[in-house]
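Source file: target_0.cif (mmCIF, C-alpha atoms and all ligand atoms)
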```cif
data_run
loop_
_atom_site.label_atom_id
_atom_site.label_comp_id
_atom_site.auth_asym_id
_atom_site.auth_seq_id
_atom_site.Cartn_x
_atom_site.Cartn_y
_atom_site.Cartn_z
CA MET B 1 23.57 55.63 -8.11
CA GLY B 2 20.49 56.16 -5.94
CA GLU B 3 17.09 54.66 -6.71
CA PRO B 4 15.10 56.69 -9.24
CA GLU B 5 12.11 58.53 -7.78
CA PRO B 6 8.87 56.58 -8.33
CA LEU B 7 6.55 57.97 -10.98
CA LEU B 8 3.58 56.40 -9.19
CA LYS B 9 3.14 55.38 -5.58
CA ILE B 10 0.30 52.97 -5.03
CA ARG B 11 -0.81 52.49 -1.44
CA ASP B 12 -3.34 49.95 -0.18
CA LEU B 13 -5.26 50.12 -3.46
CA LYS B 14 -8.65 48.38 -3.38
CA MET B 15 -11.16 47.86 -6.12
CA HIS B 16 -14.28 46.07 -4.96
CA PHE B 17 -17.27 45.55 -7.23
CA PRO B 18 -20.55 45.44 -5.31
CA VAL B 19 -22.98 42.59 -5.97
CA TYR B 20 -26.62 43.64 -5.66
CA ARG B 21 -29.79 41.65 -5.18
CA GLY B 22 -33.46 42.60 -5.37
CA VAL B 23 -35.54 44.17 -8.12
CA PHE B 24 -37.50 46.90 -6.33
CA ILE B 25 -35.21 47.34 -3.36
CA ARG B 26 -31.64 46.82 -4.51
CA ARG B 27 -29.25 46.04 -1.75
CA GLU B 28 -25.60 45.14 -1.72
CA VAL B 29 -25.23 41.51 -0.72
CA ASN B 30 -21.53 40.96 -1.40
CA ARG B 31 -18.44 42.36 -3.08
CA VAL B 32 -16.05 41.02 -5.69
CA ARG B 33 -12.69 41.85 -4.12
CA ALA B 34 -10.90 42.14 -7.46
CA VAL B 35 -8.03 44.20 -6.01
CA ASP B 36 -7.65 44.02 -2.28
CA GLY B 37 -4.88 46.15 -0.86
CA LEU B 38 -1.92 46.60 -3.22
CA SER B 39 1.07 48.74 -2.26
CA PHE B 40 3.98 49.23 -4.62
CA ASP B 41 5.91 51.87 -6.57
CA ILE B 42 6.31 52.24 -10.31
CA ARG B 43 9.60 53.90 -11.15
CA GLN B 44 10.13 56.53 -13.78
CA GLY B 45 11.16 54.94 -17.10
CA GLU B 46 10.82 51.32 -16.02
CA THR B 47 8.71 48.46 -17.31
CA LEU B 48 6.98 46.74 -14.44
CA GLY B 49 5.61 43.34 -15.45
CA LEU B 50 2.41 42.16 -13.76
CA VAL B 51 1.69 38.43 -13.91
CA GLY B 52 -0.82 36.06 -12.35
CA GLU B 53 -3.60 33.64 -13.21
CA SER B 54 -6.70 34.67 -15.10
CA GLY B 55 -9.10 36.59 -12.85
CA CYS B 56 -6.50 37.52 -10.22
CA GLY B 57 -7.12 41.24 -10.83
CA LYS B 58 -4.37 42.35 -13.22
CA SER B 59 -6.57 44.37 -15.59
CA THR B 60 -8.55 45.83 -12.71
CA THR B 61 -5.28 46.97 -11.12
CA GLY B 62 -4.20 48.71 -14.33
CA ARG B 63 -7.56 50.39 -14.76
CA ALA B 64 -7.77 51.46 -11.13
CA ILE B 65 -4.29 53.02 -11.30
CA ILE B 66 -5.15 55.19 -14.30
CA GLN B 67 -8.62 55.86 -12.84
CA LEU B 68 -10.63 54.16 -15.57
CA TYR B 69 -12.22 52.58 -12.51
CA ARG B 70 -12.43 54.85 -9.48
CA PRO B 71 -10.88 52.75 -6.69
CA THR B 72 -12.88 51.76 -3.64
CA ASP B 73 -10.02 52.75 -1.36
CA GLY B 74 -6.31 53.52 -1.28
CA GLU B 75 -4.00 56.06 -2.88
CA VAL B 76 -2.39 56.48 -6.28
CA ILE B 77 0.15 59.28 -5.94
CA PHE B 78 1.20 60.82 -9.24
CA ASP B 79 3.17 64.09 -9.35
CA GLY B 80 2.27 64.73 -5.72
CA ASP B 81 -1.48 64.32 -6.29
CA ASP B 82 -3.57 61.45 -5.02
CA LEU B 83 -5.52 60.63 -8.19
CA CYS B 84 -8.17 58.79 -6.17
CA LYS B 85 -9.14 61.99 -4.38
CA LEU B 86 -9.39 64.22 -7.44
CA ASP B 87 -12.79 64.93 -8.93
CA GLU B 88 -13.28 64.45 -12.67
CA ASP B 89 -12.54 68.12 -13.51
CA LYS B 90 -9.16 68.02 -11.79
CA LEU B 91 -8.40 64.56 -13.12
CA HIS B 92 -9.16 65.42 -16.75
CA PRO B 93 -5.86 67.18 -17.59
CA LEU B 94 -3.88 64.40 -15.88
CA ARG B 95 -5.56 61.73 -17.99
CA ARG B 96 -3.30 62.84 -20.87
CA ASP B 97 -0.37 61.39 -18.98
CA LEU B 98 -2.01 58.05 -18.18
CA GLN B 99 -2.96 55.86 -21.12
CA MET B 100 -3.80 52.25 -21.86
CA ILE B 101 -3.18 49.75 -24.66
CA PHE B 102 -5.77 46.98 -24.74
CA GLN B 103 -5.43 43.28 -25.27
CA ASP B 104 -7.74 42.88 -28.20
CA PRO B 105 -6.85 45.07 -31.18
CA TYR B 106 -10.09 44.00 -32.92
CA ALA B 107 -12.55 44.92 -30.21
CA SER B 108 -10.81 48.01 -28.82
CA LEU B 109 -11.15 50.12 -31.98
CA ASN B 110 -14.47 51.62 -33.05
CA PRO B 111 -15.24 49.97 -36.42
CA ARG B 112 -17.21 53.01 -37.61
CA MET B 113 -14.33 55.45 -37.18
CA THR B 114 -11.45 55.91 -39.60
CA VAL B 115 -7.93 55.31 -38.36
CA GLY B 116 -7.33 59.05 -38.54
CA ASP B 117 -10.33 59.78 -36.31
CA ILE B 118 -9.39 57.05 -33.83
CA ILE B 119 -5.87 58.36 -33.37
CA ALA B 120 -7.07 61.98 -33.33
CA GLU B 121 -9.71 61.35 -30.64
CA PRO B 122 -7.46 62.01 -27.62
CA LEU B 123 -6.13 65.15 -29.33
CA ARG B 124 -9.71 66.34 -29.77
CA VAL B 125 -10.78 65.44 -26.21
CA HIS B 126 -7.80 67.25 -24.71
CA LYS B 127 -8.02 70.11 -27.22
CA LEU B 128 -4.38 69.66 -28.22
CA ALA B 129 -4.63 70.32 -31.94
CA LYS B 130 -7.20 70.87 -34.64
CA GLY B 131 -7.56 71.09 -38.41
CA LYS B 132 -4.41 70.63 -40.44
CA GLU B 133 -2.20 70.48 -37.38
CA ARG B 134 -4.22 67.58 -35.95
CA ARG B 135 -4.08 65.71 -39.23
CA GLU B 136 -0.32 66.16 -39.47
CA ARG B 137 0.13 64.97 -35.91
CA VAL B 138 -1.95 61.84 -36.67
CA GLN B 139 0.18 61.12 -39.74
CA GLU B 140 3.31 61.63 -37.70
CA LEU B 141 2.02 59.15 -35.09
CA MET B 142 1.18 56.62 -37.81
CA ASP B 143 4.69 56.94 -39.10
CA ILE B 144 6.17 56.52 -35.59
CA VAL B 145 4.32 53.23 -35.03
CA GLY B 146 5.14 51.88 -38.49
CA LEU B 147 1.85 52.52 -40.31
CA ASP B 148 1.69 54.11 -43.73
CA PRO B 149 0.25 57.64 -43.18
CA ARG B 150 -1.54 57.36 -46.53
CA PHE B 151 -4.00 54.95 -44.88
CA ILE B 152 -5.38 57.66 -42.60
CA ARG B 153 -8.89 57.36 -44.09
CA ARG B 154 -9.15 53.60 -43.83
CA TYR B 155 -11.24 51.68 -41.31
CA PRO B 156 -9.95 49.23 -38.68
CA HIS B 157 -11.34 46.18 -40.50
CA GLU B 158 -9.02 46.94 -43.41
CA PHE B 159 -5.99 46.25 -41.22
CA SER B 160 -4.40 43.08 -39.88
CA GLY B 161 -4.15 42.24 -36.16
CA GLY B 162 -0.63 43.59 -35.70
CA GLN B 163 -1.47 46.75 -37.64
CA ARG B 164 -4.54 47.32 -35.49
CA GLN B 165 -2.44 47.02 -32.37
CA ARG B 166 -0.16 49.66 -33.88
CA ILE B 167 -3.24 51.91 -34.27
CA GLY B 168 -4.02 51.33 -30.57
CA ILE B 169 -0.44 52.22 -29.68
CA ALA B 170 -0.55 55.39 -31.80
CA ARG B 171 -3.78 56.42 -30.05
CA ALA B 172 -2.17 55.84 -26.65
CA LEU B 173 0.85 57.95 -27.70
CA ALA B 174 -1.17 60.82 -29.15
CA CYS B 175 -1.15 62.99 -26.02
CA GLU B 176 2.51 62.29 -25.20
CA PRO B 177 1.70 60.29 -22.05
CA ARG B 178 4.18 59.46 -19.31
CA PHE B 179 2.65 56.18 -18.17
CA ILE B 180 0.96 53.45 -20.20
CA VAL B 181 -0.82 50.36 -18.92
CA CYS B 182 -0.19 47.67 -21.53
CA ASP B 183 -2.91 45.09 -20.83
CA GLU B 184 -1.74 41.90 -22.55
CA PRO B 185 -0.97 43.85 -25.74
CA ILE B 186 0.44 40.87 -27.61
CA SER B 187 -1.58 37.89 -26.41
CA ALA B 188 -4.24 38.17 -29.16
CA LEU B 189 -1.58 38.33 -31.89
CA ASP B 190 0.15 35.63 -33.93
CA VAL B 191 3.48 34.56 -32.47
CA SER B 192 5.34 35.96 -35.48
CA ILE B 193 3.79 39.39 -34.91
CA GLN B 194 4.29 39.44 -31.14
CA ALA B 195 8.03 40.08 -31.38
CA GLN B 196 7.48 43.01 -33.77
CA ILE B 197 5.05 44.68 -31.39
CA MET B 198 7.34 44.03 -28.40
CA ASN B 199 10.27 45.59 -30.25
CA LEU B 200 8.15 48.57 -31.24
CA MET B 201 7.13 49.11 -27.63
CA GLU B 202 10.72 48.92 -26.42
CA ASP B 203 11.81 51.44 -29.06
CA LEU B 204 8.99 53.81 -28.15
CA GLN B 205 9.83 53.54 -24.48
CA GLN B 206 13.38 54.66 -25.16
CA GLN B 207 12.36 57.35 -27.61
CA PHE B 208 9.69 58.95 -25.40
CA ASP B 209 10.94 58.04 -21.92
CA LEU B 210 7.76 56.06 -21.19
CA THR B 211 6.93 54.07 -18.10
CA PHE B 212 4.99 50.83 -18.65
CA LEU B 213 2.89 48.54 -16.50
CA PHE B 214 3.07 45.45 -18.71
CA ILE B 215 0.35 42.91 -17.92
CA ALA B 216 0.88 39.42 -19.35
CA HIS B 217 0.30 35.72 -18.96
CA ASP B 218 3.40 34.79 -20.90
CA LEU B 219 6.20 34.70 -18.34
CA ALA B 220 8.88 34.54 -21.01
CA ALA B 221 7.56 37.73 -22.63
CA VAL B 222 7.38 39.48 -19.27
CA ARG B 223 10.92 38.54 -18.45
CA HIS B 224 12.13 39.82 -21.78
CA ILE B 225 10.56 43.25 -21.48
CA SER B 226 10.38 43.93 -17.71
CA ASP B 227 12.86 45.56 -15.36
CA ARG B 228 10.90 44.31 -12.38
CA ILE B 229 8.09 41.80 -12.06
CA ALA B 230 5.10 41.79 -9.70
CA VAL B 231 3.28 38.51 -9.11
CA MET B 232 -0.39 38.75 -8.21
CA TYR B 233 -2.73 36.22 -6.66
CA LEU B 234 -6.43 36.76 -5.90
CA GLY B 235 -6.33 40.53 -5.70
CA ARG B 236 -3.10 40.75 -3.69
CA LEU B 237 0.59 41.04 -4.48
CA ALA B 238 2.53 37.89 -3.66
CA GLU B 239 5.99 39.06 -4.69
CA LEU B 240 7.83 41.89 -6.43
CA ALA B 241 11.48 41.94 -7.48
CA ASP B 242 13.77 42.46 -10.44
CA GLY B 243 13.27 39.92 -13.23
CA GLU B 244 16.44 37.98 -12.44
CA SER B 245 15.51 37.44 -8.76
CA ILE B 246 11.96 36.41 -9.61
CA TYR B 247 13.27 33.73 -11.98
CA THR B 248 16.27 32.49 -10.06
CA ASN B 249 15.28 33.11 -6.45
CA PRO B 250 11.49 33.16 -6.08
CA LEU B 251 10.58 33.54 -2.40
CA HIS B 252 6.81 33.15 -2.53
CA PRO B 253 5.52 29.59 -3.00
CA TYR B 254 3.13 30.78 -5.71
CA THR B 255 5.95 32.39 -7.70
CA GLU B 256 8.02 29.27 -7.11
CA ALA B 257 5.24 27.17 -8.64
CA LEU B 258 4.78 29.53 -11.60
CA MET B 259 8.51 29.55 -12.29
CA SER B 260 8.83 25.79 -12.02
CA ALA B 261 6.48 25.55 -15.02
CA VAL B 262 8.59 27.84 -17.23
CA PRO B 263 10.78 25.65 -19.46
CA ILE B 264 14.54 26.32 -19.40
CA PRO B 265 16.24 25.94 -22.79
CA ASP B 266 18.92 23.64 -21.37
CA PRO B 267 18.06 19.92 -21.36
CA GLU B 268 20.53 19.20 -18.51
CA ILE B 269 19.03 21.76 -16.13
CA GLU B 270 15.50 20.95 -17.31
CA ARG B 271 15.95 17.26 -16.37
CA GLU B 272 17.13 18.15 -12.87
CA ARG B 273 14.25 20.48 -12.06
CA THR B 274 11.38 19.57 -9.79
CA GLN B 275 8.06 20.97 -10.81
CA ILE B 276 5.61 21.97 -8.13
CA VAL B 277 2.01 20.84 -7.84
CA LEU B 278 -0.61 23.48 -7.14
CA GLU B 279 -3.61 21.60 -5.84
CA GLY B 280 -7.17 22.84 -5.54
CA ASP B 281 -9.10 25.55 -7.36
CA VAL B 282 -8.52 29.29 -7.38
CA PRO B 283 -10.89 30.59 -4.71
CA SER B 284 -13.54 33.14 -5.62
CA PRO B 285 -12.75 36.84 -5.04
CA LEU B 286 -16.31 37.00 -3.66
CA ASN B 287 -15.23 34.96 -0.70
CA PRO B 288 -11.43 34.97 -0.44
CA PRO B 289 -9.77 32.66 2.12
CA THR B 290 -8.89 34.03 5.54
CA GLY B 291 -5.27 34.72 6.48
CA CYS B 292 -3.01 34.21 3.49
CA VAL B 293 -5.24 34.03 0.41
CA PHE B 294 -2.93 31.39 -1.07
CA HIS B 295 -3.17 28.99 1.90
CA THR B 296 -5.79 26.72 0.26
CA ARG B 297 -3.27 25.77 -2.44
CA CYS B 298 0.10 26.33 -0.82
CA PRO B 299 2.24 23.22 -0.35
CA TYR B 300 3.87 24.81 2.74
CA ALA B 301 0.75 26.13 4.50
CA TRP B 302 0.37 25.63 8.25
CA GLU B 303 -2.02 26.90 10.95
CA ARG B 304 -0.66 30.44 11.08
CA CYS B 305 -1.31 30.88 7.34
CA LYS B 306 -5.06 30.33 7.86
CA MET B 307 -5.30 32.91 10.61
CA GLU B 308 -2.88 35.70 9.81
CA THR B 309 -2.52 37.75 6.63
CA PRO B 310 1.18 38.00 5.77
CA GLU B 311 2.53 41.50 5.40
CA PHE B 312 3.95 42.51 2.01
CA GLN B 313 7.47 43.33 3.16
CA GLU B 314 11.06 43.59 1.98
CA ALA B 315 12.85 40.26 2.28
CA GLU B 316 16.08 41.59 0.81
CA PRO B 317 16.87 44.92 -0.83
CA GLY B 318 14.46 45.47 -3.72
CA HIS B 319 12.70 42.14 -3.16
CA GLN B 320 9.26 42.23 -1.51
CA VAL B 321 7.17 39.23 -0.60
CA ALA B 322 4.02 38.40 1.38
CA CYS B 323 4.68 35.07 3.10
CA HIS B 324 5.12 33.80 6.67
CA LEU B 325 7.99 31.60 5.49
CA LEU B 326 10.17 34.70 5.81
CA ASP B 327 9.93 34.23 9.58
CA GLU B 328 10.33 30.45 9.46
CA PRO B 329 12.79 29.60 6.67
CA GLU B 330 13.35 26.05 7.96
CA ARG B 331 9.80 25.17 6.84
CA ARG B 332 10.77 26.04 3.26
CA LYS B 333 13.86 23.79 3.39
CA GLN B 334 11.82 20.97 4.87
CA GLY B 335 9.14 21.36 2.17
CA ALA B 336 11.73 21.35 -0.61
CA VAL B 337 13.38 18.21 0.75
CA GLU B 338 10.02 16.45 1.04
CA ARG B 339 9.17 17.35 -2.54
CA GLN B 340 12.47 16.06 -3.85
CA THR B 341 12.05 12.83 -1.93
CA THR B 342 8.55 12.35 -3.32
CA SER B 343 9.55 13.00 -6.91
CA ALA B 344 12.66 10.82 -6.66
CA ALA B 345 11.03 7.85 -4.90
CA PRO B 346 10.55 4.80 -7.16
CA THR B 347 7.02 3.46 -7.23
CA GLU B 348 5.94 -0.19 -7.37
CA ASP B 349 5.39 0.14 -11.10
CA THR B 350 8.80 1.59 -11.85
CA ALA B 351 10.36 -1.09 -9.68
CA THR B 352 8.74 -3.87 -11.69
CA ASP B 353 8.51 -2.73 -15.29
CA GLY B 354 10.22 0.66 -15.39
CA THR B 355 7.03 2.48 -16.35
CA PRO B 356 6.61 5.63 -14.27
CA ASP B 357 3.60 5.51 -12.05
CA GLU B 358 1.10 8.05 -13.32
CA ALA B 359 -0.09 9.14 -9.93
CA VAL B 360 3.40 9.94 -8.70
CA GLU B 361 4.30 11.65 -11.93
CA GLU B 362 1.22 13.81 -11.62
CA SER B 363 2.08 14.80 -8.09
CA SER B 364 5.57 15.89 -9.08
CA GLU B 365 4.41 18.07 -11.91
CA ILE B 366 2.83 21.42 -11.73
CA ILE B 367 -0.84 21.41 -12.54
CA GLU B 368 -1.32 25.06 -13.24
CA GLU B 369 -4.92 25.88 -12.40
CA THR B 370 -6.22 28.30 -14.98
CA GLU B 371 -9.87 28.21 -14.05
CA GLU B 372 -11.77 31.46 -13.92
CA PRO B 373 -13.09 32.37 -10.51
CA THR B 374 -16.69 31.31 -10.16
CA THR B 375 -17.98 34.83 -10.65
CA ASN B 376 -17.35 36.98 -13.66
CA PRO B 377 -19.84 39.81 -13.63
CA ALA B 378 -20.08 42.13 -16.58
CA GLU B 379 -17.60 44.93 -16.75
CA THR B 380 -18.60 48.47 -15.93
CA GLU B 381 -18.47 51.47 -18.22
CA GLU B 382 -15.12 53.08 -18.83
CA ASN B 383 -14.16 56.68 -19.05
CA SER B 384 -15.29 58.21 -22.29
CA ASP B 385 -11.92 59.82 -22.81
CA LYS B 386 -10.33 56.44 -23.16
CA PRO B 387 -10.45 54.12 -26.13
CA GLY B 388 -13.66 52.15 -26.38
CA LYS B 389 -13.31 48.66 -24.95
CA THR B 390 -15.50 45.67 -25.47
CA GLU B 391 -12.88 43.00 -25.39
CA ASP B 392 -13.58 39.50 -26.43
CA SER B 393 -11.33 36.84 -27.78
CA SER B 394 -10.61 36.91 -31.47
CA SER B 395 -8.02 35.67 -33.86
CA SER B 396 -5.32 37.68 -35.55
CA ARG B 397 -3.82 37.86 -39.00
CA GLU B 398 -0.54 38.74 -40.60
CA ASP B 399 1.02 42.03 -39.61
CA ALA B 400 2.95 42.31 -42.81
CA GLU B 401 -0.07 42.43 -45.06
CA ALA B 402 -1.14 45.85 -46.34
CA PRO B 403 -4.71 46.97 -45.73
CA ALA B 404 -7.12 45.99 -48.45
N1 LIG L 501 -16.61 45.53 -13.80
C1 LIG L 501 -16.59 44.47 -13.02
N2 LIG L 501 -17.63 44.17 -12.22
C2 LIG L 501 -17.59 43.12 -11.40
N3 LIG L 501 -16.57 42.25 -11.32
C3 LIG L 501 -15.51 42.49 -12.10
C4 LIG L 501 -15.45 43.59 -12.99
N4 LIG L 501 -14.27 43.58 -13.66
C5 LIG L 501 -13.60 42.50 -13.19
N5 LIG L 501 -14.34 41.84 -12.26
C6 LIG L 501 -13.95 40.64 -11.52
O1 LIG L 501 -12.75 40.96 -10.86
C7 LIG L 501 -11.87 39.85 -10.89
C8 LIG L 501 -10.56 40.27 -11.53
O2 LIG L 501 -10.78 40.53 -12.90
P1 LIG L 501 -9.63 41.03 -13.90
O3 LIG L 501 -10.25 41.21 -15.22
O4 LIG L 501 -8.97 42.20 -13.29
O5 LIG L 501 -8.65 39.81 -13.89
P2 LIG L 501 -7.36 39.53 -14.81
O6 LIG L 501 -6.27 39.12 -13.90
O7 LIG L 501 -7.13 40.71 -15.69
O8 LIG L 501 -7.83 38.28 -15.66
P3 LIG L 501 -7.42 37.89 -17.17
O9 LIG L 501 -6.01 37.37 -17.10
O10 LIG L 501 -8.41 36.82 -17.52
O11 LIG L 501 -7.57 39.12 -18.03
C9 LIG L 501 -12.58 38.74 -11.63
O12 LIG L 501 -13.20 37.90 -10.71
C10 LIG L 501 -13.61 39.48 -12.43
O13 LIG L 501 -14.73 38.67 -12.65
S1 LIG L 502 1.96 32.60 4.13
FE1 LIG L 502 1.73 30.40 4.33
S2 LIG L 502 0.14 29.85 2.88
FE2 LIG L 502 0.82 31.88 2.34
S3 LIG L 502 2.33 31.54 0.80
FE3 LIG L 502 3.43 31.67 2.72
S4 LIG L 502 3.58 29.56 3.45
FE4 LIG L 502 2.06 29.58 1.83
MG MG L 503 -7.14 40.99 -17.76
#
```

What would the structure in this file look like if it were written as structure tokens?
Ligand SMILES: Nc1ncnc2c1ncn2[C@@H]1O[C@H](COP(=O)(O)OP(=O)(O)OP(=O)(O)O)[C@@H](O)[C@H]1O
Ligand code: SF4
Ligand SMILES: [Mg+2]
Amino acid sequence: MGEPEPLLKIRDLKMHFPVYRGVFIRREVNRVRAVDGLSFDIRQGETLGLVGESGCGKSTTGRAIIQLYRPTDGEVIFDGDDLCKLDEDKLHPLRRDLQMIFQDPYASLNPRMTVGDIIAEPLRVHKLAKGKERRERVQELMDIVGLDPRFIRRYPHEFSGGQRQRIGIARALACEPRFIVCDEPISALDVSIQAQIMNLMEDLQQQFDLTFLFIAHDLAAVRHISDRIAVMYLGRLAELADGESIYTNPLHPYTEALMSAVPIPDPEIERERTQIVLEGDVPSPLNPPTGCVFHTRCPYAWERCKMETPEFQEAEPGHQVACHLLDEPERRKQGAVERQTTSAAPTEDTATDGTPDEAVEESSEIIEETEEPTTNPAETEENSDKPGKTEDSSSSREDAEAPA
């Protein structure tokens, strides 16, 4: 069987946010390079997971693809059209096909609108139904996502976290889209509710032949739901492959480090594993490192990495990676051997009293840096056609509970 035709082709996508200075004469003094040259395909009917540390550009990528942000440069080819080149009039009908589910089910729903009005909004904007027909469609959507259609007149605050996320999903489904960006749709929910929402999304994907870009921090969740996984670092793609290859044969040192921190539910294997230290801070996207953006933290980095940006290329069929180690595999072997030697070497302390030396233990364990980049400017306005979004962190409640 041949490879399915991509639904979306993304080529050298860039999303830079200008930084201005001056009150009377505003001038651009720098740019936040949130997304800095991504090229990949999203296949029809697949779930593509997108992972990476906080601030690496995952949400910006999702928003730039569906044109909630108009990209600085690059192409997003959908149905033969480059979305980036279309003006708003031509883009409007295509927006039906490209939807988004937001991370925070509390902040992404307008508290002054009833559930019925929230779900009906895309139908109204795209003039798809009105009156009784619109109301019936909303009730049908509520039923599809597991909400009682009798609650159509209730307000978002009367629902629990999981139920609100179902409202967000119903809204995204209203126009029968083909592609949905799911931006950490479960991370604000209680663990017990997360599985329900994941299952719902899988069912809907099958039922409506949907294609998902599934953004997440939780690598276990991504593995569960994704056909392929893309790993992002500081606005660039580090690696992209099917889930199995990413977990068992990571080729990029950053992916290797991320995977070494994922626990394996087998105590034997878990004991044998060497975890990888990532030293240093995540650089700022205002001033990304030269050459390979990961070189400041990469345990394998050498001179070439500081000078030359690695190409994002196919290492084996269906497995793309951006790393100079592809040309010099012996450096990887050497690095792995050195790491094993370091983690296995007994220290003075262990030799005398059997207590592991803290310093050595620290250096053989991954220290996953989760710091935000130094800059986090306020987000820009989104397209009015899309659900309102003023995300902040908030807690969640039981999904099972009925609205008050
Ligand atoms: N509207 C904006 N204006 C300026 N900078 C922005 C804007 N939106 C995002 N950024 C910056 O772009 C970078 C990437 O942000 P983004 O939200 O895409 O990261 P993320 O990977 O989704 O992070 P998280 O996992 O925390 O959600 C960050 O440095 C962020 O501060
Ligand atoms: S190119 Fe060099 S610095 Fe970048 S990931 Fe590969 S080895 Fe590390
Ligand atoms: Mg995000």

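Atom pair atom CA of Ile152 of chain B / atom CA of Gly62 of chain B: separated by 29.7 Å.
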
Exercise for review: Extract, using only C-alpha atoms, all DNA, RNA and protein residues at most 6 Å from His319 of chain B, discarding same-chain residues fewer than 2 positions from it, and format them as a list in words.
Suggested key: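 Using only C-alpha atoms, the neighbours found are Leu240, Ala241, Glu314, Ala315, Glu316 and Pro317 of chain B.
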
Exercise for review: Name each residue within 7 Å of ligand MG 503 (chain L), counting only C-alpha atoms and all ligand atoms, as a list in words.
Suggested key: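 Counting only what the definition allows, namely only C-alpha atoms and all ligand atoms, the set is Ser54, Gly55, Gly57, Lys58, Ser59 and Asp183 of chain B.
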
Within 7 Å of ligand LIG 502 (chain L): each chain B residue with its shortest pair, all atoms listed in the file, as CSV:
```
residue,atom,partner,partner_atom,distance
B:His252,CA,L:LIG502,S3,5.8
B:Pro253,CA,L:LIG502,S3,5.3
B:Tyr254,CA,L:LIG502,S3,6.6
B:Cys292,CA,L:LIG502,FE2,4.6
B:Val293,CA,L:LIG502,FE2,6.7
B:Phe294,CA,L:LIG502,FE2,5.1
B:His295,CA,L:LIG502,S2,3.6
B:Cys298,CA,L:LIG502,FE4,4.6
B:Pro299,CA,L:LIG502,FE4,6.7
B:Tyr300,CA,L:LIG502,S4,4.8
B:Ala301,CA,L:LIG502,S2,4.1
B:Trp302,CA,L:LIG502,FE1,6.3
B:Cys305,CA,L:LIG502,FE1,4.3
B:Pro310,CA,L:LIG502,S1,5.7
B:Ala322,CA,L:LIG502,S1,6.7
B:Cys323,CA,L:LIG502,FE3,3.6
B:His324,CA,L:LIG502,S1,4.2
B:Leu325,CA,L:LIG502,S4,5.3
```

Exercise for review: Work out how far atom CA of Val145 of chain B is from atom CA of Asn110 of chain B, in Å to one decimal.
Suggested key: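 According to the coordinates, atom CA of Asn110 of chain B and atom CA of Val145 of chain B are separated by 19.0 Å.
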
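The environment of Leu237 of chain B within 8 Å, counting only C-alpha atoms and disregarding residues fewer than 2 places along the same chain, consists of Leu38, Ala230, Val231, Met232, Tyr233, Gly235, Glu239, Leu240, Phe312, Val321 and Ala322 of chain B.
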
Review point. Between atom CA of Gln196 of chain B and atom CA of Glu244 of chain B, what is the spacing in Å?
Key: 23.7 Å

**Study point:** Distance criterion (only C-alpha atoms): nearest to Gly318 of chain B out of B:Ile66, B:Ala107, B:Ile246, B:Val262
**Key:** B:Ile246

Is there a way to complete segment 233-244 of chain B with N, CA and C atoms and then write that out as a PDB file, in the frame of the given file?
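Here's the written file rebuild35.pdb:
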```pdb
ATOM      1  N   TYR B 233      -1.870  37.384  -6.893  1.00  0.00           N
ATOM      2  CA  TYR B 233      -2.730  36.220  -6.660  1.00  0.00           C
ATOM      3  C   TYR B 233      -3.984  36.698  -5.920  1.00  0.00           C
ATOM      4  N   LEU B 234      -5.134  36.458  -6.510  1.00  0.00           N
ATOM      5  CA  LEU B 234      -6.430  36.760  -5.900  1.00  0.00           C
ATOM      6  C   LEU B 234      -6.495  38.161  -5.284  1.00  0.00           C
ATOM      7  N   GLY B 235      -6.179  39.135  -6.109  1.00  0.00           N
ATOM      8  CA  GLY B 235      -6.330  40.530  -5.700  1.00  0.00           C
ATOM      9  C   GLY B 235      -5.219  41.087  -4.832  1.00  0.00           C
ATOM     10  N   ARG B 236      -4.199  40.267  -4.543  1.00  0.00           N
ATOM     11  CA  ARG B 236      -3.100  40.750  -3.690  1.00  0.00           C
ATOM     12  C   ARG B 236      -1.771  40.565  -4.423  1.00  0.00           C
ATOM     13  N   LEU B 237      -0.749  41.273  -3.954  1.00  0.00           N
ATOM     14  CA  LEU B 237       0.590  41.040  -4.480  1.00  0.00           C
ATOM     15  C   LEU B 237       1.264  39.953  -3.664  1.00  0.00           C
ATOM     16  N   ALA B 238       1.810  38.957  -4.349  1.00  0.00           N
ATOM     17  CA  ALA B 238       2.530  37.890  -3.660  1.00  0.00           C
ATOM     18  C   ALA B 238       4.011  38.253  -3.561  1.00  0.00           C
ATOM     19  N   GLU B 239       4.550  38.814  -4.653  1.00  0.00           N
ATOM     20  CA  GLU B 239       5.990  39.060  -4.690  1.00  0.00           C
ATOM     21  C   GLU B 239       6.301  40.142  -5.707  1.00  0.00           C
ATOM     22  N   LEU B 240       7.376  40.882  -5.471  1.00  0.00           N
ATOM     23  CA  LEU B 240       7.830  41.890  -6.430  1.00  0.00           C
ATOM     24  C   LEU B 240       9.348  41.991  -6.336  1.00  0.00           C
ATOM     25  N   ALA B 241      10.012  41.846  -7.469  1.00  0.00           N
ATOM     26  CA  ALA B 241      11.480  41.940  -7.480  1.00  0.00           C
ATOM     27  C   ALA B 241      11.946  42.177  -8.905  1.00  0.00           C
ATOM     28  N   ASP B 242      13.267  42.350  -9.073  1.00  0.00           N
ATOM     29  CA  ASP B 242      13.770  42.460 -10.440  1.00  0.00           C
ATOM     30  C   ASP B 242      13.608  41.093 -11.128  1.00  0.00           C
ATOM     31  N   GLY B 243      13.559  41.123 -12.463  1.00  0.00           N
ATOM     32  CA  GLY B 243      13.270  39.920 -13.230  1.00  0.00           C
ATOM     33  C   GLY B 243      14.178  38.746 -12.881  1.00  0.00           C
ATOM     34  N   GLU B 244      15.456  39.027 -12.721  1.00  0.00           N
ATOM     35  CA  GLU B 244      16.440  37.980 -12.440  1.00  0.00           C
ATOM     36  C   GLU B 244      16.104  37.258 -11.127  1.00  0.00           C
TER      37      GLU B 244
END
```
